[in-house]
There are 2 protein chains.
Amino acid sequence: MTRPQTQHGPATRVMRATRQRAAVSALLDRLEDFRSAQDIHEELRRVGDGIGLTTVYRTLQSLADAGEVDVLRTGSGEAVYRRCASAEHHHHLVCRRCGATVEIEGPAVETWAQRIAEQHGFSDLSHTAEIFGLCRECSATA
Amino acid sequence: MTRPQTQHGPATRVMRATRQRAAVSALLDRLEDFRSAQDIHEELRRVGDGIGLTTVYRTLQSLADAGEVDVLRTGSGEAVYRRCASAEHHHHLVCRRCGATVEIEGPAVETWAQRIAEQHGFSDLSHTAEIFGLCRECSATA
DNA sequence: TCGGTATCGAGTATCGATGTCACCTCACCG
DNA sequence: CGGTGAGGTGACATCGATACTCGATACCGA
């Protein structure tokens, strides 16, 4: 446990409320699509929120660690972030052209992963499962 | 089609047989696990096959493009390569500690991905689905 | 209001990957 | 079998993403 916040308990305080963190968080709330740290940094500076690139990286990472945002990697290895509506485990259907994202459930995938891993004696599991394609709009424009 | 090879036809020849390509390919045949380009470069130099890092990257990429090796990205975004037994589309169960890999089929995943994407009007699909965990041995050692 | 401390951020280092370009070497030909 | 040129090679430069350093700054609790 690492975030007692709004309590007067002393203990392990972490994640202080700062203007920068608020700005990143607020921007993520406004965005629909997966964005890179660079994008977010640029956007914030554009609207006048002075913030350092380092801080953006750190903030996104801590938000990701806390499970407040989802991270995935583009084909080129760049990390992209998005605040997802669902806090539950879920997957994504992402447009590889415009970044539009749909959150999806995958019960079939969950059971498949678990069954396969068990068959081979693997433990401590995790998995990735994302679908990429062109959304309706981008298909039309293509 | 891009490899008419052993014919005297002129046409679009590509991928010439060189010592370096042979060395990379041979090493991949010997390896069981996913390895990074750096690993492969280091190993080749260690056994005395003089080869440049640039060439290793290029060779791996062309092998991957040709579908002769599988590529996936580690959590840190590094690309790792492996010659898979199956030429068919398949997924992987990978030990995140020792790299041991099992090739798996995922008919459930294929249909799931396709159905979901269709529901949302996406086209030109691709997907990723890998399972990570600790293999039996590593679970024991942990 | 004040002090201690977590956080910030400019600069810089690192790391994987790719671009550059002069030199090398296959593959094919005569 | 040796010449020739397009494709291949590799030392080096560069790039984009991310980690690190450390003095300056801004929270937060008292």
# chains A, B, ... in the order shown; residues from 1 in each chain; ligands from 1
$ residues_around --residues "region 5-22 of chain C" --least-positions-apart "4" --cutoff "10 Å" --atoms "only C-alpha atoms (C1' of nucleotides)" --output "VMD selection string"
(chain A and resid 13 to 18 20 51 to 55 76 to 77) or (chain B and resid 36 to 38 54 57 to 58 77 to 79) or (chain D and resid 12 to 21 24 to 28)
$ select_by_dssp --residues "chain A" --states "strand (DSSP E)" --output "PyMOL selection string"
chain A and resi 35-36+70-73+79-82+91-95+101-104+123-134
$ write_last_selection --atoms "C-alpha atoms" --output "short mmCIF file (atom, residue, chain, number, x, y, z; two decimals), in the first residue's frame"
data_model
loop_
_atom_site.label_atom_id
_atom_site.label_comp_id
_atom_site.auth_asym_id
_atom_site.auth_seq_id
_atom_site.Cartn_x
_atom_site.Cartn_y
_atom_site.Cartn_z
CA ARG A 35 -0.56 9.42 -26.41
CA SER A 36 3.17 9.42 -25.96
CA ASP A 70 -2.85 2.16 -19.13
CA VAL A 71 0.40 1.86 -21.02
CA LEU A 72 1.09 0.04 -24.18
CA ARG A 73 3.85 0.06 -26.73
CA ALA A 79 5.27 3.91 -24.79
CA VAL A 80 1.82 5.46 -25.05
CA TYR A 81 -0.53 6.31 -22.20
CA ARG A 82 -4.26 6.61 -21.73
CA HIS A 91 -7.73 -4.99 -23.55
CA HIS A 92 -7.76 -2.52 -26.41
CA LEU A 93 -8.77 -2.20 -29.98
CA VAL A 94 -6.60 0.55 -31.39
CA CYS A 95 -6.59 2.32 -34.73
CA THR A 101 -9.24 3.33 -28.91
CA VAL A 102 -12.00 1.05 -27.77
CA GLU A 103 -11.76 -0.74 -24.45
CA ILE A 104 -12.76 -4.33 -24.74
CA SER A 123 2.87 -19.49 -12.69
CA ASP A 124 2.72 -15.81 -11.80
CA LEU A 125 1.03 -15.00 -15.07
CA SER A 126 0.40 -11.87 -17.02
CA HIS A 127 -0.48 -11.40 -20.64
CA THR A 128 -0.85 -8.87 -23.39
CA ALA A 129 -3.60 -8.92 -25.97
CA GLU A 130 -4.27 -5.91 -28.12
CA ILE A 131 -5.93 -5.65 -31.49
CA PHE A 132 -4.73 -3.15 -34.07
CA GLY A 133 -6.45 -2.10 -37.25
CA LEU A 134 -8.00 0.80 -39.08
#
$ interface_residues --of "chain D" --to "chain B" --cutoff "10 Å" --atoms "only C-alpha atoms (C1' of nucleotides)" --output "MDAnalysis selection string"
chainID D and resid 7:11 17
$ write_last_selection --atoms "all heavy atoms" --output "short mmCIF file (atom, residue, chain, number, x, y, z; two decimals), in the first residue's frame"
data_model
loop_
_atom_site.label_atom_id
_atom_site.label_comp_id
_atom_site.auth_asym_id
_atom_site.auth_seq_id
_atom_site.Cartn_x
_atom_site.Cartn_y
_atom_site.Cartn_z
P DG D 7 20.63 -3.85 -56.49
OP1 DG D 7 19.28 -4.31 -56.91
OP2 DG D 7 20.90 -2.44 -56.18
"O5'" DG D 7 21.07 -4.71 -55.24
"C5'" DG D 7 21.25 -6.11 -55.37
"C4'" DG D 7 22.08 -6.60 -54.21
"O4'" DG D 7 23.42 -6.06 -54.32
"C3'" DG D 7 21.55 -6.15 -52.84
"O3'" DG D 7 21.64 -7.27 -51.97
"C2'" DG D 7 22.49 -5.02 -52.43
"C1'" DG D 7 23.79 -5.45 -53.09
N9 DG D 7 24.71 -4.37 -53.40
C8 DG D 7 24.42 -3.18 -54.04
N7 DG D 7 25.48 -2.41 -54.17
C5 DG D 7 26.51 -3.14 -53.59
C6 DG D 7 27.89 -2.82 -53.43
O6 DG D 7 28.48 -1.81 -53.80
N1 DG D 7 28.58 -3.83 -52.79
C2 DG D 7 28.03 -5.00 -52.35
N2 DG D 7 28.84 -5.86 -51.74
N3 DG D 7 26.74 -5.32 -52.49
C4 DG D 7 26.05 -4.34 -53.11
P DG D 8 21.44 -7.15 -50.41
OP1 DG D 8 20.86 -8.41 -49.94
OP2 DG D 8 20.78 -5.86 -50.14
"O5'" DG D 8 22.92 -7.06 -49.84
"C5'" DG D 8 23.82 -8.15 -50.10
"C4'" DG D 8 25.01 -8.05 -49.19
"O4'" DG D 8 25.84 -6.94 -49.61
"C3'" DG D 8 24.68 -7.80 -47.72
"O3'" DG D 8 25.56 -8.61 -46.94
"C2'" DG D 8 24.94 -6.31 -47.53
"C1'" DG D 8 26.06 -6.06 -48.53
N9 DG D 8 26.10 -4.72 -49.09
C8 DG D 8 25.09 -4.02 -49.68
N7 DG D 8 25.45 -2.84 -50.14
C5 DG D 8 26.80 -2.77 -49.83
C6 DG D 8 27.75 -1.74 -50.07
O6 DG D 8 27.58 -0.66 -50.63
N1 DG D 8 29.01 -2.07 -49.58
C2 DG D 8 29.32 -3.25 -48.95
N2 DG D 8 30.58 -3.40 -48.54
N3 DG D 8 28.45 -4.23 -48.72
C4 DG D 8 27.22 -3.92 -49.19
P DT D 9 25.51 -8.55 -45.36
OP1 DT D 9 25.86 -9.90 -44.89
OP2 DT D 9 24.27 -7.89 -44.94
"O5'" DT D 9 26.74 -7.59 -45.07
"C5'" DT D 9 28.01 -7.90 -45.62
"C4'" DT D 9 29.06 -6.96 -45.08
"O4'" DT D 9 28.96 -5.68 -45.75
"C3'" DT D 9 28.96 -6.67 -43.58
"O3'" DT D 9 30.23 -6.87 -42.98
"C2'" DT D 9 28.51 -5.22 -43.51
"C1'" DT D 9 29.07 -4.64 -44.82
N1 DT D 9 28.32 -3.49 -45.39
C2 DT D 9 29.02 -2.35 -45.74
O2 DT D 9 30.21 -2.22 -45.57
N3 DT D 9 28.25 -1.36 -46.30
C4 DT D 9 26.90 -1.39 -46.54
O4 DT D 9 26.34 -0.43 -47.06
C5 DT D 9 26.23 -2.60 -46.14
C7 DT D 9 24.76 -2.73 -46.35
C6 DT D 9 26.96 -3.59 -45.60
P DG D 10 30.31 -7.07 -41.37
OP1 DG D 10 31.38 -8.04 -41.08
OP2 DG D 10 28.95 -7.30 -40.85
"O5'" DG D 10 30.80 -5.64 -40.91
"C5'" DG D 10 32.05 -5.15 -41.39
"C4'" DG D 10 32.23 -3.72 -40.91
"O4'" DG D 10 31.37 -2.85 -41.66
"C3'" DG D 10 31.84 -3.50 -39.43
"O3'" DG D 10 32.69 -2.51 -38.89
"C2'" DG D 10 30.43 -2.95 -39.54
"C1'" DG D 10 30.59 -2.08 -40.77
N9 DG D 10 29.35 -1.75 -41.45
C8 DG D 10 28.17 -2.44 -41.42
N7 DG D 10 27.23 -1.89 -42.15
C5 DG D 10 27.84 -0.77 -42.69
C6 DG D 10 27.32 0.22 -43.56
O6 DG D 10 26.20 0.30 -44.05
N1 DG D 10 28.27 1.18 -43.87
C2 DG D 10 29.56 1.20 -43.40
N2 DG D 10 30.33 2.21 -43.79
N3 DG D 10 30.05 0.27 -42.58
C4 DG D 10 29.15 -0.68 -42.27
P DA D 11 33.48 -2.74 -37.56
OP1 DA D 11 34.61 -3.63 -37.87
OP2 DA D 11 32.52 -3.09 -36.49
"O5'" DA D 11 34.06 -1.27 -37.30
"C5'" DA D 11 35.01 -0.73 -38.20
"C4'" DA D 11 34.83 0.78 -38.29
"O4'" DA D 11 33.61 1.09 -39.00
"C3'" DA D 11 34.74 1.50 -36.94
"O3'" DA D 11 35.50 2.70 -37.02
"C2'" DA D 11 33.24 1.77 -36.77
"C1'" DA D 11 32.79 1.95 -38.22
N9 DA D 11 31.40 1.53 -38.48
C8 DA D 11 30.78 0.41 -37.99
N7 DA D 11 29.55 0.28 -38.43
C5 DA D 11 29.34 1.36 -39.25
C6 DA D 11 28.24 1.78 -40.02
N6 DA D 11 27.08 1.12 -40.08
N1 DA D 11 28.36 2.92 -40.72
C2 DA D 11 29.53 3.58 -40.68
N3 DA D 11 30.64 3.29 -40.00
C4 DA D 11 30.49 2.15 -39.30
P DA D 17 10.53 9.80 -29.38
OP1 DA D 17 9.19 9.36 -29.79
OP2 DA D 17 10.77 11.21 -29.03
"O5'" DA D 17 11.02 8.88 -28.17
"C5'" DA D 17 10.92 7.47 -28.32
"C4'" DA D 17 11.45 6.81 -27.06
"O4'" DA D 17 12.85 7.07 -26.94
"C3'" DA D 17 10.78 7.30 -25.78
"O3'" DA D 17 10.47 6.16 -24.99
"C2'" DA D 17 11.84 8.20 -25.15
"C1'" DA D 17 13.14 7.54 -25.63
N9 DA D 17 14.27 8.45 -25.74
C8 DA D 17 14.30 9.67 -26.36
N7 DA D 17 15.47 10.26 -26.32
C5 DA D 17 16.26 9.35 -25.63
C6 DA D 17 17.61 9.39 -25.25
N6 DA D 17 18.43 10.40 -25.53
N1 DA D 17 18.10 8.34 -24.57
C2 DA D 17 17.28 7.31 -24.29
N3 DA D 17 15.99 7.17 -24.60
C4 DA D 17 15.54 8.24 -25.27
#
$ atom_distance --atom1 "CA of Gly50 (chain B)" --atom2 "CA of Arg30 (chain B)"
18.1 Å
$ select_by_dssp --residues "region 12-126 of chain B" --states "alpha helix (DSSP H)" --output "ChimeraX atom specification"
/B:19-30,37-46,53-65,107-119
$ atom_distance --atom1 "CA of Arg83 (chain B)" --atom2 "CA of Phe34 (chain B)"
8.3 Å
$ closest_residue --among "A:Val24, A:Leu60, A:Ala100, A:Cys135" --to "chain B" --atoms "only C-alpha atoms"
A:Cys135
$ atom_distance --atom1 "CA of Ser62 (chain B)" --atom2 "CA of Thr74 (chain B)"
19.8 Å
$ decode --residues "region 56-106 of chain B" --atoms "C-alpha atoms" --output "tab-separated table (two decimals), in the first residue's frame"
chain	number	residue	atom	x	y	z
B	56	VAL	CA	23.05	-7.96	-37.11
B	57	TYR	CA	20.22	-5.47	-36.81
B	58	ARG	CA	19.70	-5.40	-40.56
B	59	THR	CA	19.83	-9.15	-40.91
B	60	LEU	CA	17.41	-9.80	-38.10
B	61	GLN	CA	15.04	-7.28	-39.54
B	62	SER	CA	15.09	-8.79	-42.97
B	63	LEU	CA	14.63	-12.26	-41.52
B	64	ALA	CA	11.69	-10.93	-39.56
B	65	ASP	CA	10.22	-9.26	-42.64
B	66	ALA	CA	10.56	-12.52	-44.49
B	67	GLY	CA	8.68	-14.21	-41.68
B	68	GLU	CA	11.60	-16.47	-40.89
B	69	VAL	CA	11.94	-15.31	-37.31
B	70	ASP	CA	9.49	-14.03	-34.74
B	71	VAL	CA	9.95	-10.71	-33.03
B	72	LEU	CA	8.41	-9.47	-29.87
B	73	ARG	CA	9.08	-6.68	-27.44
B	74	THR	CA	10.12	-7.08	-23.86
B	75	GLY	CA	8.49	-4.97	-21.20
B	76	SER	CA	11.27	-2.44	-21.62
B	77	GLY	CA	10.63	-2.10	-25.32
B	78	GLU	CA	13.65	-4.01	-26.52
B	79	ALA	CA	13.07	-6.20	-29.57
B	80	VAL	CA	13.88	-9.87	-29.17
B	81	TYR	CA	14.12	-12.48	-31.90
B	82	ARG	CA	13.60	-16.22	-32.17
B	83	ARG	CA	13.40	-18.76	-34.96
B	84	CYS	CA	10.09	-20.47	-34.43
B	85	ALA	CA	9.35	-24.04	-35.40
B	86	SER	CA	5.98	-23.16	-36.77
B	87	ALA	CA	5.72	-20.92	-39.81
B	88	GLU	CA	2.04	-20.50	-39.10
B	89	HIS	CA	0.59	-17.69	-37.07
B	90	HIS	CA	1.00	-18.50	-33.40
B	91	HIS	CA	1.57	-16.96	-30.00
B	92	HIS	CA	4.06	-17.46	-27.19
B	93	LEU	CA	4.23	-18.43	-23.60
B	94	VAL	CA	7.44	-16.91	-22.31
B	95	CYS	CA	9.23	-17.23	-19.00
B	96	ARG	CA	10.02	-13.71	-17.91
B	97	ARG	CA	12.98	-14.95	-15.91
B	98	CYS	CA	14.89	-17.36	-18.17
B	99	GLY	CA	13.30	-16.63	-21.54
B	100	ALA	CA	12.14	-20.22	-22.11
B	101	THR	CA	9.49	-20.16	-24.78
B	102	VAL	CA	6.60	-22.37	-25.76
B	103	GLU	CA	4.83	-21.83	-29.06
B	104	ILE	CA	1.10	-21.96	-28.65
B	105	GLU	CA	-1.99	-21.92	-30.79
B	106	GLY	CA	-4.83	-19.61	-29.98
